[in-house]
Structure formats: structure tokens, C-alpha cells
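Text of the file run19.pdb, holding PDB, C-alpha atoms, pLDDT in the B column:
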```pdb
MODEL        1
ATOM      1  CA  MET A   1    -103.695-165.499 -33.568  1.00 58.00           C
ATOM      2  CA  THR A   2    -104.468-163.570 -30.418  1.00 66.00           C
ATOM      3  CA  LEU A   3    -104.476-159.873 -30.076  1.00 65.00           C
ATOM      4  CA  GLU A   4    -102.452-158.387 -27.303  1.00 70.00           C
ATOM      5  CA  LYS A   5    -104.243-155.953 -25.116  1.00 69.00           C
ATOM      6  CA  VAL A   6    -102.690-152.512 -25.274  1.00 67.00           C
ATOM      7  CA  GLN A   7    -102.378-150.906 -21.887  1.00 72.00           C
ATOM      8  CA  LYS A   8    -102.706-147.172 -21.812  1.00 73.00           C
ATOM      9  CA  HIS A   9    -100.316-145.422 -19.488  1.00 74.00           C
ATOM     10  CA  THR A  10    -100.593-141.893 -18.251  1.00 81.00           C
ATOM     11  CA  PHE A  11     -97.725-139.456 -18.529  1.00 72.00           C
ATOM     12  CA  PHE A  12     -96.850-139.921 -14.853  1.00 74.00           C
ATOM     13  CA  GLN A  13     -96.787-143.717 -15.188  1.00 74.00           C
ATOM     14  CA  ARG A  14     -94.455-143.475 -18.182  1.00 71.00           C
ATOM     15  CA  PHE A  15     -92.259-140.962 -16.334  1.00 68.00           C
ATOM     16  CA  LYS A  16     -92.101-143.256 -13.289  1.00 70.00           C
ATOM     17  CA  ASN A  17     -91.113-146.207 -15.476  1.00 72.00           C
ATOM     18  CA  ILE A  18     -88.387-144.179 -17.163  1.00 72.00           C
ATOM     19  CA  VAL A  19     -86.934-142.863 -13.898  1.00 75.00           C
ATOM     20  CA  LEU A  20     -87.422-145.785 -11.514  1.00 75.00           C
ATOM     21  CA  GLY A  21     -87.542-148.636 -14.011  1.00 76.00           C
ATOM     22  CA  LYS A  22     -90.076-151.401 -14.281  1.00 77.00           C
ATOM     23  CA  THR A  23     -88.619-153.697 -11.629  1.00 84.00           C
ATOM     24  CA  ARG A  24     -88.856-152.907  -7.942  1.00 86.00           C
ATOM     25  CA  PRO A  25     -85.906-153.538  -5.636  1.00 87.00           C
ATOM     26  CA  ASN A  26     -86.095-155.564  -2.447  1.00 88.00           C
ATOM     27  CA  ILE A  27     -87.971-154.233   0.563  1.00 91.00           C
ATOM     28  CA  LEU A  28     -84.867-153.001   2.418  1.00 89.00           C
ATOM     29  CA  THR A  29     -83.732-150.957  -0.568  1.00 89.00           C
ATOM     30  CA  ARG A  30     -87.213-149.541  -1.072  1.00 91.00           C
ATOM     31  CA  LEU A  31     -87.512-148.504   2.581  1.00 94.00           C
ATOM     32  CA  SER A  32     -83.998-147.019   2.548  1.00 93.00           C
ATOM     33  CA  VAL A  33     -84.668-144.953  -0.557  1.00 94.00           C
ATOM     34  CA  ILE A  34     -88.047-143.807   0.766  1.00 94.00           C
ATOM     35  CA  ALA A  35     -86.402-142.713   4.043  1.00 96.00           C
ATOM     36  CA  GLY A  36     -83.660-140.967   2.071  1.00 96.00           C
ATOM     37  CA  PHE A  37     -86.312-139.246  -0.021  1.00 96.00           C
ATOM     38  CA  ALA A  38     -88.081-138.026   3.134  1.00 97.00           C
ATOM     39  CA  VAL A  39     -84.771-136.545   4.337  1.00 96.00           C
ATOM     40  CA  TRP A  40     -84.305-135.009   0.876  1.00 97.00           C
ATOM     41  CA  ILE A  41     -87.764-133.386   1.037  1.00 97.00           C
ATOM     42  CA  TYR A  42     -86.989-131.947   4.465  1.00 96.00           C
ATOM     43  CA  LEU A  43     -83.634-130.530   3.396  1.00 95.00           C
ATOM     44  CA  ILE A  44     -84.739-129.075   0.077  1.00 97.00           C
ATOM     45  CA  SER A  45     -87.861-127.473   1.508  1.00 96.00           C
ATOM     46  CA  TRP A  46     -85.794-125.011   3.551  1.00 92.00           C
ATOM     47  CA  HIS A  47     -83.705-124.008   0.584  1.00 95.00           C
ATOM     48  CA  ILE A  48     -86.713-123.601  -1.685  1.00 97.00           C
ATOM     49  CA  LEU A  49     -88.401-121.377   0.906  1.00 95.00           C
ATOM     50  CA  THR A  50     -85.229-119.311   1.206  1.00 92.00           C
ATOM     51  CA  LEU A  51     -84.949-118.977  -2.561  1.00 94.00           C
ATOM     52  CA  ILE A  52     -88.592-117.949  -2.881  1.00 94.00           C
ATOM     53  CA  SER A  53     -88.155-115.293  -0.210  1.00 89.00           C
ATOM     54  CA  LEU A  54     -85.019-113.963  -1.896  1.00 88.00           C
ATOM     55  CA  VAL A  55     -86.620-113.865  -5.337  1.00 89.00           C
ATOM     56  CA  LEU A  56     -89.868-112.281  -4.179  1.00 88.00           C
ATOM     57  CA  VAL A  57     -88.408-109.685  -1.809  1.00 85.00           C
ATOM     58  CA  GLY A  58     -88.416-107.159  -4.642  1.00 78.00           C
ATOM     59  CA  ASN A  59     -92.196-107.487  -4.975  1.00 79.00           C
ATOM     60  CA  LEU A  60     -92.810-106.206  -1.470  1.00 73.00           C
ATOM     61  CA  LYS A  61     -93.963-102.650  -0.963  1.00 75.00           C
ATOM     62  CA  ASN A  62     -90.959-101.979   1.268  1.00 75.00           C
ATOM     63  CA  GLY A  63     -88.648-104.485  -0.437  1.00 73.00           C
ATOM     64  CA  GLY A  64     -85.711-102.099  -0.299  1.00 77.00           C
ATOM     65  CA  TYR A  65     -85.931-102.028   3.481  1.00 79.00           C
ATOM     66  CA  VAL A  66     -86.015-105.813   3.645  1.00 78.00           C
ATOM     67  CA  LYS A  67     -82.941-106.069   1.406  1.00 80.00           C
ATOM     68  CA  ALA A  68     -81.222-103.480   3.571  1.00 82.00           C
ATOM     69  CA  ALA A  69     -82.083-105.548   6.630  1.00 82.00           C
ATOM     70  CA  TYR A  70     -80.554-108.620   4.957  1.00 79.00           C
ATOM     71  CA  GLU A  71     -77.398-106.653   4.257  1.00 84.00           C
ATOM     72  CA  ASN A  72     -77.257-105.185   7.768  1.00 85.00           C
ATOM     73  CA  ILE A  73     -77.718-108.515   9.539  1.00 84.00           C
ATOM     74  CA  GLY A  74     -75.325-110.256   7.158  1.00 85.00           C
ATOM     75  CA  PHE A  75     -72.602-107.713   7.742  1.00 85.00           C
ATOM     76  CA  LYS A  76     -73.030-107.511  11.519  1.00 86.00           C
ATOM     77  CA  GLN A  77     -73.421-111.246  12.150  1.00 86.00           C
ATOM     78  CA  TYR A  78     -71.290-112.854   9.453  1.00 85.00           C
ATOM     79  CA  PHE A  79     -69.184-110.013   7.956  1.00 86.00           C
ATOM     80  CA  TYR A  80     -70.666-110.419   4.447  1.00 85.00           C
ATOM     81  CA  PHE A  81     -70.376-107.464   2.095  1.00 87.00           C
ATOM     82  CA  ASP A  82     -73.192-108.577  -0.229  1.00 87.00           C
ATOM     83  CA  THR A  83     -75.420-110.796   1.871  1.00 87.00           C
ATOM     84  CA  TYR A  84     -78.267-110.946  -0.604  1.00 87.00           C
ATOM     85  CA  GLN A  85     -76.113-112.206  -3.455  1.00 90.00           C
ATOM     86  CA  GLN A  86     -74.095-114.569  -1.276  1.00 92.00           C
ATOM     87  CA  LEU A  87     -77.222-116.140   0.207  1.00 92.00           C
ATOM     88  CA  THR A  88     -78.782-116.493  -3.254  1.00 93.00           C
ATOM     89  CA  ILE A  89     -75.720-118.259  -4.669  1.00 95.00           C
ATOM     90  CA  TYR A  90     -75.494-120.488  -1.599  1.00 95.00           C
ATOM     91  CA  THR A  91     -79.160-121.457  -1.855  1.00 96.00           C
ATOM     92  CA  LEU A  92     -78.908-122.257  -5.557  1.00 97.00           C
ATOM     93  CA  ALA A  93     -75.761-124.331  -4.947  1.00 97.00           C
ATOM     94  CA  GLU A  94     -77.461-126.294  -2.170  1.00 97.00           C
ATOM     95  CA  ILE A  95     -80.511-126.970  -4.363  1.00 97.00           C
ATOM     96  CA  LEU A  96     -78.236-128.231  -7.140  1.00 98.00           C
ATOM     97  CA  ILE A  97     -76.389-130.478  -4.683  1.00 98.00           C
ATOM     98  CA  LEU A  98     -79.700-131.801  -3.382  1.00 97.00           C
ATOM     99  CA  PHE A  99     -80.773-132.688  -6.921  1.00 97.00           C
ATOM    100  CA  ILE A 100     -77.525-134.631  -7.295  1.00 97.00           C
ATOM    101  CA  SER A 101     -78.410-136.526  -4.115  1.00 97.00           C
ATOM    102  CA  LEU A 102     -81.856-137.216  -5.600  1.00 96.00           C
ATOM    103  CA  ILE A 103     -80.162-138.714  -8.657  1.00 95.00           C
ATOM    104  CA  GLY A 104     -78.141-140.844  -6.243  1.00 96.00           C
ATOM    105  CA  LEU A 105     -81.351-142.084  -4.618  1.00 95.00           C
ATOM    106  CA  VAL A 106     -82.794-142.991  -8.016  1.00 94.00           C
ATOM    107  CA  LEU A 107     -79.623-144.904  -8.863  1.00 92.00           C
ATOM    108  CA  ILE A 108     -79.791-146.718  -5.523  1.00 92.00           C
ATOM    109  CA  TRP A 109     -83.395-147.675  -6.349  1.00 90.00           C
ATOM    110  CA  ARG A 110     -82.169-149.033  -9.680  1.00 89.00           C
ATOM    111  CA  LYS A 111     -79.507-151.102  -7.830  1.00 87.00           C
ATOM    112  CA  LYS A 112     -76.500-149.151  -9.073  1.00 89.00           C
ATOM    113  CA  ARG A 113     -73.440-148.933  -6.844  1.00 89.00           C
ATOM    114  CA  ILE A 114     -72.605-145.460  -8.123  1.00 93.00           C
ATOM    115  CA  GLY A 115     -75.853-144.201  -6.542  1.00 93.00           C
ATOM    116  CA  PHE A 116     -74.490-144.782  -3.056  1.00 93.00           C
ATOM    117  CA  ILE A 117     -71.366-142.794  -3.817  1.00 93.00           C
ATOM    118  CA  CYS A 118     -73.314-140.033  -5.551  1.00 96.00           C
ATOM    119  CA  TYR A 119     -75.720-139.693  -2.615  1.00 96.00           C
ATOM    120  CA  MET A 120     -73.033-139.695   0.062  1.00 95.00           C
ATOM    121  CA  LEU A 121     -70.795-137.221  -1.766  1.00 96.00           C
ATOM    122  CA  ALA A 122     -73.755-134.889  -2.248  1.00 97.00           C
ATOM    123  CA  GLN A 123     -74.561-135.037   1.457  1.00 97.00           C
ATOM    124  CA  VAL A 124     -70.946-134.244   2.343  1.00 97.00           C
ATOM    125  CA  ALA A 125     -71.029-131.409  -0.213  1.00 97.00           C
ATOM    126  CA  LEU A 126     -74.054-129.920   1.577  1.00 95.00           C
ATOM    127  CA  ILE A 127     -72.048-129.539   4.754  1.00 96.00           C
ATOM    128  CA  LEU A 128     -68.867-128.385   3.035  1.00 96.00           C
ATOM    129  CA  THR A 129     -70.697-125.775   0.960  1.00 96.00           C
ATOM    130  CA  ALA A 130     -72.257-124.269   4.053  1.00 94.00           C
ATOM    131  CA  TYR A 131     -68.965-124.267   5.911  1.00 95.00           C
ATOM    132  CA  LEU A 132     -66.613-123.151   3.143  1.00 95.00           C
ATOM    133  CA  TYR A 133     -68.789-120.726   1.205  1.00 94.00           C
ATOM    134  CA  MET A 134     -70.844-119.168   3.980  1.00 93.00           C
ATOM    135  CA  GLY A 135     -68.195-119.424   6.692  1.00 92.00           C
ATOM    136  CA  ALA A 136     -67.714-121.077  10.055  1.00 92.00           C
ATOM    137  CA  ARG A 137     -69.842-118.533  11.924  1.00 92.00           C
ATOM    138  CA  PHE A 138     -72.815-119.062   9.603  1.00 91.00           C
ATOM    139  CA  PHE A 139     -72.364-122.816   9.888  1.00 92.00           C
ATOM    140  CA  GLU A 140     -72.261-122.607  13.668  1.00 91.00           C
ATOM    141  CA  LEU A 141     -75.303-120.354  14.028  1.00 89.00           C
ATOM    142  CA  GLU A 142     -77.543-121.349  11.132  1.00 87.00           C
ATOM    143  CA  PHE A 143     -76.868-125.010  10.425  1.00 87.00           C
ATOM    144  CA  GLY A 144     -78.893-126.890  13.018  1.00 87.00           C
ATOM    145  CA  TYR A 145     -77.785-129.896  14.996  1.00 92.00           C
ATOM    146  CA  PHE A 146     -80.809-131.816  13.767  1.00 94.00           C
ATOM    147  CA  ASP A 147     -79.753-131.253  10.169  1.00 93.00           C
ATOM    148  CA  LEU A 148     -76.213-132.393  10.919  1.00 94.00           C
ATOM    149  CA  ILE A 149     -77.430-135.506  12.708  1.00 95.00           C
ATOM    150  CA  LEU A 150     -79.843-136.257   9.879  1.00 95.00           C
ATOM    151  CA  ILE A 151     -77.187-135.854   7.199  1.00 96.00           C
ATOM    152  CA  ALA A 152     -74.546-137.783   9.165  1.00 96.00           C
ATOM    153  CA  SER A 153     -76.925-140.651   9.903  1.00 96.00           C
ATOM    154  CA  THR A 154     -77.957-141.001   6.256  1.00 96.00           C
ATOM    155  CA  ILE A 155     -74.308-140.924   5.161  1.00 95.00           C
ATOM    156  CA  LEU A 156     -73.456-143.636   7.688  1.00 96.00           C
ATOM    157  CA  TYR A 157     -76.517-145.718   6.775  1.00 94.00           C
ATOM    158  CA  PHE A 158     -75.845-145.601   3.041  1.00 94.00           C
ATOM    159  CA  LEU A 159     -72.117-146.214   3.633  1.00 93.00           C
ATOM    160  CA  ILE A 160     -73.019-149.438   5.424  1.00 91.00           C
ATOM    161  CA  GLY A 161     -75.417-150.214   2.566  1.00 88.00           C
ATOM    162  CA  LEU A 162     -72.622-149.649   0.050  1.00 87.00           C
ATOM    163  CA  PHE A 163     -70.399-152.209   1.748  1.00 86.00           C
ATOM    164  CA  ILE A 164     -73.242-154.721   1.956  1.00 82.00           C
ATOM    165  CA  PHE A 165     -74.197-154.015  -1.662  1.00 74.00           C
ATOM    166  CA  HIS A 166     -70.558-154.136  -2.766  1.00 63.00           C
ATOM    167  CA  ARG A 167     -70.119-157.652  -1.372  1.00 67.00           C
ATOM    168  CA  LYS A 168     -72.719-158.971  -3.782  1.00 56.00           C
ATOM    169  CA  ASN A 169     -71.728-159.498  -7.381  1.00 52.00           C
ATOM    170  CA  VAL A 170     -73.919-156.830  -8.938  1.00 49.00           C
ATOM    171  CA  ASN A 171     -72.955-155.062 -12.123  1.00 50.00           C
ATOM    172  CA  ILE A 172     -72.808-151.295 -12.285  1.00 45.00           C
TER     173      ILE A 172
ENDMDL
END
```

Please re-express this file's structure in C-alpha cells.
Amino acid sequence: MTLEKVQKHTFFQRFKNIVLGKTRPNILTRLSVIAGFAVWIYLISWHILTLISLVLVGNLKNGGYVKAAYENIGFKQYFYFDTYQQLTIYTLAEILILFISLIGLVLIWRKKRIGFICYMLAQVALILTAYLYMGARFFELEFGYFDLILIASTILYFLIGLFIFHRKNVNI
């Protein structure tokens, strides 16, 4: 009788195994998900910085003036009546949508077809939320061309990946 060696795993190793699974996908899938994750980091960083600034504006010595400046610029530029609240809700919605796209990336890593759809729909929702909730003027002035190109290229790339992945007989 032989004794099996017990391997100790740290919390992060166990978490990684739970989220990403124990098997690694092929190299193309790994590179695609890593590139998608880099895009995700870029996109979420702006929204996290915006949320932090909105949450911490009250801690400033002249926080009331900063809020008033938000309101003034929001009304003059975009015709918002409560810029602070509208920007806070928009930022929280975008962060939630970005977490849905992260779930899509994890599902793509785990070779699930639904991950492609989840990721692409979340990317489309990013654009639609900015356009529909914040308005066309905000979208035109604040949503950069680089962001649009980045989002559109990842949607197109993962759409092509979906059709290639869909051709194979892989179970959901």
C-alpha cells in the first residue's frame, strides 16, 4: 500500500482552479482570453477611477464646489439635471456590464459556447448604455474612438471565434 502525497494549495490556487478549471485550453484560446482580459482591464480602470472620484468628492475640503462644478458642466454640456447621480448610475452600470464580460471570458477559457455570446453582448451593452442612458452628445464627446475601435475589434474577433468554435462538436 502506498501513501499518496497530499499537495497543499494556497487559497489563490484553489480559487484559480474553481474559476478557470484544472485543464488549460489550447494556445489560441489562451491568447484570445488574455488579450480580452487586457482590454477588460483597460475599460474597467476608467470606470473604477470615475467611481472613486464620485464617491470621494464629499471628502474634499471644498467638495460642495466640486459637485457644483459637476452639475454646472453636466447641465451646460449635456443638459443633465442631476449630473452627479446620473454619472454615478452610469458608472455602476458599466462596471456591472464589465463584470458580465469577465464572466464571458472565464466561460470562453472553459470552452463554453455561451461565453462568446455573453462577452459580445456585454461589449455591445457597454456602447448602448453610454449612448442610450447618457445621450448622444455624451457619447460623441466622451466615448473615445480608441475605445470604440477596441470594443468593435474584440466583438468581431470573438464573433469569428464563435463561428469557428461552433463548427466543432463541443458540448455547452

CA of Leu126 (chain A) and CA of Phe81 (chain A) are how many Å apart?
-> 22.8 Å

If the PyMOL selection byres ((chain A and resi 50) around 12) is run on the structure shown, which residues does it catch, given as a compact mmCIF listing (two decimals) with C-alpha atoms, in the coordinates of the input?
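Ended up saving to result_8.txt:
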```txt
# COMPACT_ATOMS: atom_id res chain seq x y z
CA LEU A 43 -83.63 -130.53 3.40
CA ILE A 44 -84.74 -129.07 0.08
CA SER A 45 -87.86 -127.47 1.51
CA TRP A 46 -85.79 -125.01 3.55
CA HIS A 47 -83.70 -124.01 0.58
CA ILE A 48 -86.71 -123.60 -1.68
CA LEU A 49 -88.40 -121.38 0.91
CA LEU A 51 -84.95 -118.98 -2.56
CA ILE A 52 -88.59 -117.95 -2.88
CA SER A 53 -88.16 -115.29 -0.21
CA LEU A 54 -85.02 -113.96 -1.90
CA VAL A 55 -86.62 -113.86 -5.34
CA LEU A 56 -89.87 -112.28 -4.18
CA VAL A 57 -88.41 -109.68 -1.81
CA TYR A 84 -78.27 -110.95 -0.60
CA LEU A 87 -77.22 -116.14 0.21
CA THR A 88 -78.78 -116.49 -3.25
CA ILE A 89 -75.72 -118.26 -4.67
CA TYR A 90 -75.49 -120.49 -1.60
CA THR A 91 -79.16 -121.46 -1.86
CA LEU A 92 -78.91 -122.26 -5.56
CA GLU A 94 -77.46 -126.29 -2.17
CA ILE A 95 -80.51 -126.97 -4.36
```

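Atom pair CA of Arg110 (chain A) / CA of Ile41 (chain A) has a distance of 19.8 Å (rounded to one decimal).
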
Chain and number of each residue from the PyMOL selection byres ((chain A and resi 15-31) around 12), as number ranges by chain = A: 9-14, 32-38, 102-112, 115-116, 157-158, 161-162, 164-165

Have a look at CA of Ala130 (chain A) and CA of Arg113 (chain A) and let me know their distance in Å, one decimal.
->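 Going from CA of Ala130 (chain A) over to CA of Arg113 (chain A) covers 27.0 Å.
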
Skip Ile149 (chain A) itself and residues of its chain fewer than 6 positions away, then list as a ChimeraX atom specification all residues within 12 Å of it, counting all atoms listed in the file.
-> /A:39,123,127,143,155-157

Give as a PyMOL selection string the set of residues within 7 Å of the point (-78.8, -131.7, -3.9), where distances use the file's coordinates and all atoms listed in the file.
-> chain A and resi 94-102+122

Could those residues be written to a file, using C-alpha atoms, as a tab-separated table (two decimals), in the coordinates of the input?
```
chain	number	residue	atom	x	y	z
A	94	GLU	CA	-77.46	-126.29	-2.17
A	95	ILE	CA	-80.51	-126.97	-4.36
A	96	LEU	CA	-78.24	-128.23	-7.14
A	97	ILE	CA	-76.39	-130.48	-4.68
A	98	LEU	CA	-79.70	-131.80	-3.38
A	99	PHE	CA	-80.77	-132.69	-6.92
A	100	ILE	CA	-77.53	-134.63	-7.30
A	101	SER	CA	-78.41	-136.53	-4.12
A	102	LEU	CA	-81.86	-137.22	-5.60
A	122	ALA	CA	-73.76	-134.89	-2.25
```

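In this comparison, which uses all atoms listed in the file, the residue of A:Val124, A:Gln86, A:Lys8, A:Tyr42 approaching Phe146 (chain A) most closely is A:Tyr42.
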
Between A:Leu132, A:Asn72, A:Glu4, A:Tyr119, which has the minimum distance to Thr154 (chain A) (counting all atoms listed in the file)?
->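 Distance minimum relative to Thr154 (chain A) lands on A:Tyr119.
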
With distances taken over all atoms listed in the file, which of A:Ala136, A:Ser153, A:Thr83, A:Ile160 is nearest to Ile117 (chain A)?
-> A:Ile160

Looking at A:Leu121, A:Thr129, A:Asp82, A:Leu159, which one is nearest to Lys67 (chain A), with distances taken over only C-alpha atoms?
->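 Of the candidates, the smallest distance to Lys67 (chain A) is held by A:Asp82.
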